[in-house]
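Below is one structure; the comments refer to it alone.
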Amino acid sequence: MRFGEAGTGELVSAAQNEGLRFQAGPFVILLRSEAAGLVEVFQQLYRDFQWLAAEGVSDFHVSLLRARGVRRIWRPQVRFRLDRDEPFEPFPLDHAFPLFEWGLNYGIATRAHRYCQLHSAVVEKEGRALVLPAMPGSGKSTLCAALMQRGWRLLSDEFGIVQPESGQLLPMPRAIPLKNRSIEVIRRFAPDARLGPRFPKTRKGDVAHLAPTTESVLRQQEPARPAWIVFPRYEEGAGNRLQPVARSEAFVRLSNNAFNYRLTGETGFRTLTAMVRQSECLEYRYSDLEQAVATMNRLVG
Amino acid sequence: MSEANPLLEVLREPERLSALSEASWDHLLPMAREARLLASLGWLAREAGVWSSMPVRAQDIIRGEQAYVDFIQLQCRRELEALRRVVEAPLVLLKGIAYLEAELPPRRGRFLSDLDLLVGRSDLAGVEQALLDAGWISRTEDDYDQRYYREWMHEIPPLVHPLRGVEVDLHHNLLPLTGRYQVPAEKLWESAAPLEKGLLVLSPADMVLHSAVHLVVADELRGGLRDLFDLHQLCLHFMAEDPGFPEQLICRARELGLARPLWYVLEAARALLNTPVETASLAGARGELPAWPVRKLMNHLVREVLRPRRLHERPPAFRQWLLYLRSHWIRMPPALLASHLARKSMVRLRGGGKGR
């Protein structure tokens with residue numbers, strides 16, 4: 001059964017007891033939650049994911065627990081727990097869903113060193129992957145959301161997960177957190193986009209999550225070959241400029257920006273050099289999303 | 001008590017890794033991670049020839065941790081190289097870095113949190129100065145903490161090179177100066193074994209004794225199962241090389257006045273890991289071991305605190321606290337202990353740094 005087909009009450013109760021188990025790309029997550037609000041948002045954004053039996057090996061055991069103490073009456077809070085660790089301060093209870101998403105990202109970034117982890121958005125078309133490394137102000141989440149809404153398959157908006165043996169990018173579709181102005185931009189750009197509730201004034205400003213497209217979820221076990229590495233930069237009035245980047249420079253930028261490049265040592269070096277060699281490396285300045293999508297579509301030819 | 005504990009079972013008999021249910025794996029992996037033994041599981045499985053029969057998801061989770069541990073080990077070895085470029089005095093490598101450099105079995109998949117080195121007391125000031133001159137710094141700024149280390153402990157405040165971040169702990173002895181157990185450092189140096197120019201490791205018996213007293217005197221036994229597994233692997237290794245090793249160990253413990261901590265730890269190792277070292281001969285001498293009820297209680301506490309727990313089981317907080325008090329009791333005379341703990345709880349209440 002997919003989460004979208006289950007009754008909300010059933011999911012809330014399972015989340016409080018044995019937990020909701022699901023697979024996102026290479027990872028299996030067991031989510032327990034005492035916050036019913038989180039489960040409602042989760043069901044909306046993860047509706048196409050398969051609800052797995054709670055028994056079996058999970059990569060991440062995540063719990064969102066109501067904070068105890070007198071404060072729970074006038075200022076209810078929620079704690080994030082990974083295994084038995086609580087790496088963050090509690091959040092207000094109604095921000096349980098963004099806390100879950102951030103916490104899971106933290107878990108992946110600190111543990112999944114079996115893969116090389118780029119800090120990049122990745123989308124795919126015709127079996128070829130477009131890697132969009134995240135630089136401050138790049139607007140990669142917005143661009144990635146726009147591409148997904150126009151038919152590209154989402155691999156990830158945050159983690160470019162590369163399997164070292166094959167050099168392939170593994171999908172890990174999740175809800176895409178859109179921040180502040182991006183929320184309205186995407187709503188206008190794609191009125192059919194499935195957006196979750198707006199969470200005001202989080203650590204990163206206002207956040208609303210965009211659900212991955214059904215195709216992205218159903219094909220989440222299909223890896224893709226890297227074909228293009230495009231360093232995007234959003235600049236008002238910048239027009240639309242796509243320029244080649246030397247491979248050596250692309251390698252330096254990509255490795256500086258990876259989550260575990262230093263840690264994976266020789267494996268990381270081999271994986272990234274192979275990836276840069278087989279990809280077209282470009283720098284892209286854009287100011288208009290429609291134009292950006294058309295430009296990226298032209299790469300596919 | 002310890003039956004059906006998946007982590008203890010596979011540490012005792014790694015072949016069992018081939019026959020675990022998916023549900024057992026899901027208990028085992030977080031337990032091993034918490035005990036800092038996850039990467040070691042991969043080694044045990046490969047050596048037992050069962051790696052390829054394990055679920056792929058379990059392999060992937062373990063490989064992630066192995067990559068991390070490999071990186072930490074590399075960083076520590078590089079730190080040792082950097083340090084040796086500026087230090088001329090002989091160094092005895094302790095714990096993790098000793099297992100790594102001497103290629104002893106516990107090195108496999110072992111996480112290192114710092115670089116532990118024994119320096120001759122008369123060389124200590126010179127070595128510290130050489131490191132400070134070469135760019136290492138002390139992050140312990142608090143005057144009380146500085147004094148705590150220098151007057152009462154067996155090590156100086158940790159040094160760190162800011163570009164690399166690996167903590168270097170320079171010890172001049174294995175145990176605190178104020179403590180109930182005292183080991184003459186000269187004796188350790190006399191029997192230490194040279195590795196290469198200027199680098200030594202403790203003799204087999206001293207290495208096992210250090211591992212044992214470290215466990216008993218450590219602040220918290222959380223993570224103590226890893227240390228116990230170090231000791232277990234060392235004992236198996238040294239016994240395979242020399243069947244007379246257990247007697248030498250016990251003899252040496254008596255000589256250094258460490259019969260009691262060794263007894264506690266061997267008892268725990270036997271109970272939890274089936275470590276095949278007889279403790280009967282340790283119980284021989286009067287006065288070396290505590291009275292029967294204390295022994296029973298301590299054995300119970302130590303085992304309960306070291307026993308790994310499933311995610312849904314509660315950690316043994318109260319027992320841990322008792323042992324925490326005890327570790328300080330061993331390290332300091334009562335009056336000093338009282339003032340130290342009072343000070344630390346004040347600092348904690350004010351939201352200050354970590355308690356020692």
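Just so we're on the same page: first chain in the structure tokens is A, next is B, and so on; residues restart at 1 for each chain, and ligands are numbered from 1 in the order they show up.
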
May I have the residues of chain B within 6 Å of chain A, counting only C-alpha atoms, written as an MDAnalysis selection string?
chainID B and resid 22:23 26 63:64 71

Just the residues within 10 Å of region 64-80 of chain A, please, counting only C-alpha atoms, with nothing from its chain fewer than 3 positions along; format it as an MDAnalysis selection string.
chainID A and resid 15:16 31:35 38 83:97 99:100 102:104

Might you pull out every residue within 6 Å of Arg121 (chain B), with only C-alpha atoms counted and same-chain residues fewer than 2 positions away left off, and present them as a PyMOL selection string?
chain B and resi 123-124+172

Test item, strand (DSSP E or B) assignment across region 13-163 of chain B, answer as a count of residues only
13

Polymer residues at most 10 Å from Arg219 (chain A), only C-alpha atoms, same-chain spacing of 2 or more positions, as a compact mmCIF listing (two decimals) with N, CA and C atoms, in the first residue's frame:
```txt
# COMPACT_ATOMS: atom_id res chain seq x y z
N GLY A 25 15.12 5.95 -2.22
CA GLY A 25 16.34 5.59 -2.94
C GLY A 25 17.08 4.49 -2.21
N ARG A 153 12.94 14.07 -14.19
CA ARG A 153 12.76 13.19 -13.03
C ARG A 153 13.67 13.68 -11.91
N LEU A 154 13.11 13.81 -10.70
CA LEU A 154 13.90 14.27 -9.55
C LEU A 154 14.71 13.09 -8.99
N LEU A 155 16.03 13.30 -8.89
CA LEU A 155 16.83 12.33 -8.13
C LEU A 155 16.97 12.84 -6.70
N PRO A 171 19.03 7.87 -7.18
CA PRO A 171 17.94 8.76 -6.79
C PRO A 171 17.67 8.67 -5.29
N PRO A 173 14.47 10.50 -3.92
CA PRO A 173 13.42 11.53 -3.96
C PRO A 173 12.86 11.78 -2.57
N THR A 214 5.08 11.92 -9.05
CA THR A 214 4.81 10.49 -8.94
C THR A 214 5.84 9.67 -9.70
N GLU A 215 6.20 10.13 -10.90
CA GLU A 215 7.19 9.40 -11.70
C GLU A 215 8.51 9.29 -10.94
N SER A 216 8.94 10.38 -10.28
CA SER A 216 10.21 10.37 -9.55
C SER A 216 10.20 9.33 -8.44
N VAL A 217 9.05 9.16 -7.81
CA VAL A 217 8.96 8.20 -6.72
C VAL A 217 8.90 6.78 -7.26
N GLN A 221 14.32 3.53 -7.91
CA GLN A 221 15.42 2.56 -7.87
C GLN A 221 16.20 2.54 -9.19
N GLU A 222 15.93 3.52 -10.05
CA GLU A 222 16.61 3.57 -11.35
C GLU A 222 17.72 4.60 -11.31
N PRO A 223 18.99 4.18 -11.30
CA PRO A 223 20.08 5.18 -11.26
C PRO A 223 20.24 5.87 -12.62
```

From a DSSP calculation on the backbone, collect every residue of region 101-222 of chain B in alpha helix (DSSP H) and output the set as a ChimeraX atom specification.
/B:101,121-133,143-147,185-191,204-217

Written selection (C-alpha atoms) as a tab-separated table (two decimals), in the first residue's frame:
```
chain	number	residue	atom	x	y	z
B	101	GLU	CA	51.05	0.88	14.57
B	121	ARG	CA	58.13	12.49	33.05
B	122	SER	CA	61.41	14.36	32.56
B	123	ASP	CA	60.71	14.77	28.82
B	124	LEU	CA	57.16	15.98	29.29
B	125	ALA	CA	57.79	19.73	29.54
B	126	GLY	CA	60.14	19.62	26.55
B	127	VAL	CA	57.68	17.69	24.39
B	128	GLU	CA	54.82	20.00	25.31
B	129	GLN	CA	56.91	23.06	24.47
B	130	ALA	CA	58.08	21.57	21.17
B	131	LEU	CA	54.47	20.99	20.14
B	132	LEU	CA	53.36	24.45	21.24
B	133	ASP	CA	56.26	25.97	19.27
B	143	ASP	CA	42.39	27.76	35.03
B	144	TYR	CA	40.63	25.19	37.16
B	145	ASP	CA	40.72	22.61	34.37
B	146	GLN	CA	44.40	23.32	33.71
B	147	ARG	CA	45.14	22.76	37.38
B	185	ALA	CA	56.05	4.54	35.10
B	186	GLU	CA	59.68	3.32	35.02
B	187	LYS	CA	58.46	-0.26	35.15
B	188	LEU	CA	56.30	0.30	32.09
B	189	TRP	CA	59.22	1.81	30.20
B	190	GLU	CA	61.54	-1.05	31.19
B	191	SER	CA	59.39	-3.71	29.60
B	204	PRO	CA	51.67	-7.50	26.06
B	205	ALA	CA	50.78	-7.84	29.74
B	206	ASP	CA	51.01	-4.08	30.37
B	207	MET	CA	48.91	-3.37	27.32
B	208	VAL	CA	46.11	-5.60	28.60
B	209	LEU	CA	46.44	-4.14	32.09
B	210	HIS	CA	46.21	-0.62	30.74
B	211	SER	CA	43.10	-1.52	28.80
B	212	ALA	CA	41.61	-3.00	32.00
B	213	VAL	CA	42.42	-0.14	34.38
B	214	HIS	CA	41.32	2.39	31.82
B	215	LEU	CA	37.91	0.76	31.83
B	216	VAL	CA	37.64	0.74	35.61
B	217	VAL	CA	38.89	4.28	36.12
```

The residue from A:Arg285, A:Arg253, A:Arg187, A:Arg198 with the smallest atom-to-atom distance to Ser120 (chain A), counting only C-alpha atoms, is A:Arg253

Neighbours of region 73-80 of chain B within 8 Å (only C-alpha atoms; same-chain residues fewer than 2 positions away dropped), as an MDAnalysis selection string?
chainID B and resid 69:71 82:84 97 100 110:112 114:115 164 166

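When CA of Gly42 (chain B) is paired with CA of Ser166 (chain A), their separation reads 21.7 Å.
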
Taking 5 positions as the minimum chain separation for residues in the same chain, which residues sit within 8 Å of region 196-198 of chain B when counting only C-alpha atoms? Answer as a compact mmCIF listing (two decimals) with C-alpha atoms, in the first residue's frame.
```txt
# COMPACT_ATOMS: atom_id res chain seq x y z
CA GLU B 88 62.82 13.76 19.61
CA ALA B 89 62.03 12.09 22.93
CA PRO B 90 60.97 8.43 22.87
CA LEU B 91 57.21 7.84 22.90
```

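The spacing separating CA of Pro158 (chain B) from CA of Tyr99 (chain B) amounts to 20.6 Å.
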
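Going from CA of Gln220 (chain A) to CA of Arg174 (chain A) covers 10.1 Å.
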